[in-house]
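A quick write-up on the structure given underneath.
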Amino acid sequence: MVATNRTVVFVLMIAFFGVSLGAVHKVGDSTGWTSLGNIDYLKWASAKTFYVGDSLFFEYNPQFHNVMQVTHNDYQSCNGTSVVASYTTGC
Ligand SMILES: *[C@@H]1O[C@H](CO)[C@@H](O)[C@H](O)[C@H]1NC(C)=O
């Protein structure tokens with residue numbers, strides 16, 4: 001799982017506050033998160049409706065890819081020097 005600690009916190013929130021579980025969106029669908037599949041992730045995302053509480057599931061080969069969470073400003077300026085979170089396990 002991506003972000004085990006976050007998952008635990010999220011599950012605890014559900015247990016204590018009755019928060020309903022959102023949808024899980026697998027990024028890239030069956031292709032997953034890769035630069036090899038020739039997938040247009042903007043197109044993938046634009047075809048979906050995301051709601052607060054939904055989760056994104058990234059499945060990727062950790063030999064070649066990772067997932068870095070950055071701030072909006074860092075995303076806009078393509079600056080990955082100070083990531084919010086980094087995921088490298090592959091799923
Ligand atoms: C990237 O972000 C870091 C931390 O916020 C900052 O110190 C650095 O100047 C930024 N680099 C560029 C090229 O904007």
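Going through the structure tokens in order, the chains are called A, B, and so on, while each chain numbers its residues from 1 and the ligands are numbered from 1 in the order shown.
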Pick out the residues no farther than 8 Å from ligand 1, counting only C-alpha atoms and all ligand atoms, and list them as a PDB file with all heavy atoms, in the first residue's frame.
```
ATOM      1  N   ASP A  74       5.332  24.318  -6.220  1.00  0.00           N
ATOM      2  CA  ASP A  74       6.456  23.519  -6.707  1.00  0.00           C
ATOM      3  C   ASP A  74       6.063  22.735  -7.955  1.00  0.00           C
ATOM      4  O   ASP A  74       6.883  22.523  -8.854  1.00  0.00           O
ATOM      5  CB  ASP A  74       6.976  22.578  -5.611  1.00  0.00           C
ATOM      6  CG  ASP A  74       7.843  23.310  -4.595  1.00  0.00           C
ATOM      7  OD1 ASP A  74       8.203  24.483  -4.847  1.00  0.00           O
ATOM      8  OD2 ASP A  74       8.149  22.718  -3.545  1.00  0.00           O
ATOM      9  N   SER A  77       6.164  25.201 -10.872  1.00  0.00           N
ATOM     10  CA  SER A  77       7.519  25.580 -11.280  1.00  0.00           C
ATOM     11  C   SER A  77       8.401  24.352 -11.538  1.00  0.00           C
ATOM     12  O   SER A  77       9.609  24.491 -11.739  1.00  0.00           O
ATOM     13  CB  SER A  77       8.152  26.487 -10.223  1.00  0.00           C
ATOM     14  OG  SER A  77       8.218  25.821  -8.982  1.00  0.00           O
ATOM     15  N   ASN A  79       9.532  22.080  -9.564  1.00  0.00           N
ATOM     16  CA  ASN A  79      10.623  22.050  -8.589  1.00  0.00           C
ATOM     17  C   ASN A  79      10.403  20.888  -7.621  1.00  0.00           C
ATOM     18  O   ASN A  79       9.513  20.931  -6.786  1.00  0.00           O
ATOM     19  CB  ASN A  79      10.632  23.400  -7.833  1.00  0.00           C
ATOM     20  CG  ASN A  79      11.782  23.485  -6.863  1.00  0.00           C
ATOM     21  OD1 ASN A  79      12.444  22.485  -6.560  1.00  0.00           O
ATOM     22  ND2 ASN A  79      12.020  24.697  -6.355  1.00  0.00           N
ATOM     23  N   GLY A  80      11.242  19.883  -7.732  1.00  0.00           N
ATOM     24  CA  GLY A  80      11.099  18.697  -6.894  1.00  0.00           C
ATOM     25  C   GLY A  80      12.128  18.611  -5.789  1.00  0.00           C
ATOM     26  O   GLY A  80      12.403  17.520  -5.287  1.00  0.00           O
ATOM     27  N   THR A  81      12.711  19.746  -5.400  1.00  0.00           N
ATOM     28  CA  THR A  81      13.780  19.705  -4.395  1.00  0.00           C
ATOM     29  C   THR A  81      13.257  19.542  -2.976  1.00  0.00           C
ATOM     30  O   THR A  81      13.989  19.070  -2.114  1.00  0.00           O
ATOM     31  CB  THR A  81      14.659  20.968  -4.464  1.00  0.00           C
ATOM     32  OG1 THR A  81      13.831  22.107  -4.265  1.00  0.00           O
ATOM     33  CG2 THR A  81      15.384  21.070  -5.796  1.00  0.00           C
ATOM     34  N   SER A  82      12.033  19.962  -2.701  1.00  0.00           N
ATOM     35  CA  SER A  82      11.516  19.837  -1.332  1.00  0.00           C
ATOM     36  C   SER A  82      10.129  19.186  -1.379  1.00  0.00           C
ATOM     37  O   SER A  82       9.113  19.863  -1.282  1.00  0.00           O
ATOM     38  CB  SER A  82      11.456  21.200  -0.642  1.00  0.00           C
ATOM     39  OG  SER A  82      10.627  22.064  -1.364  1.00  0.00           O
TER      40      SER A  82
END
```
Check your understanding: At what distance in Å, to one decimal, does atom CA of A:Tyr41 lie from atom CA of A:Asn61?
Key ->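 Between atom CA of A:Asn61 and atom CA of A:Tyr41 the gap works out to 16.8 Å.
Among the candidate residues A:Met68, A:Val83, A:Phe57, A:Ser46, the one lying nearest to A:Ala23 is A:Phe57, with distances computed using only C-alpha atoms.
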Review point. With only C-alpha atoms as the atoms that count, which of A:Asn66, A:Ser55, A:Asn73, A:Thr49 lies nearest to A:Trp33?
Key: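 Once distances to A:Trp33 are computed over only C-alpha atoms, the minimum belongs to A:Asn66.
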Exercise for review: Find the residue from A:Leu21, A:Cys91, A:Ala85, A:Val27 that sits nearest to A:Pro62; use only C-alpha atoms when measuring.
Suggested key: A:Cys91
Review point. A:Gly53, A:Gly32, A:Gly22, A:Gly37: which is nearest A:Gly90, counting only C-alpha atoms?
Key: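 Residue with the minimum atom-to-atom distance to A:Gly90: A:Gly32.
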**Study point:** Backbone DSSP call of strand (DSSP E or B) for stretch 9-89 of chain A, listed as a list in words
**Key:** Val24, His25, Lys26, Ser55, Leu56, Phe57, Val67, Met68, Gln69, Ala85, Ser86 and Tyr87 of chain A
Keeping only C-alpha atoms, write the selected residues as a tab-separated table (two decimals), in the first residue's frame.
```
chain	number	residue	atom	x	y	z
A	24	VAL	CA	-10.26	4.60	-5.11
A	25	HIS	CA	-8.97	5.70	-8.51
A	26	LYS	CA	-6.16	3.63	-10.00
A	55	SER	CA	-7.92	8.01	-2.96
A	56	LEU	CA	-5.42	7.77	-5.78
A	57	PHE	CA	-3.73	4.40	-6.19
A	67	VAL	CA	5.56	9.22	-6.87
A	68	MET	CA	6.52	12.59	-5.39
A	69	GLN	CA	3.93	14.77	-3.69
A	85	ALA	CA	6.11	13.06	0.48
A	86	SER	CA	7.97	10.51	-1.60
A	87	TYR	CA	6.71	7.03	-2.49
```
Point to revise | Residue nearest A:Gly28 - candidates A:Val52, A:Phe64, A:Lys43, A:His72, atoms counted: only C-alpha atoms | key: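 Going through A:Val52, A:Phe64, A:Lys43, A:His72 one by one, the smallest distance to A:Gly28 is for A:Lys43.
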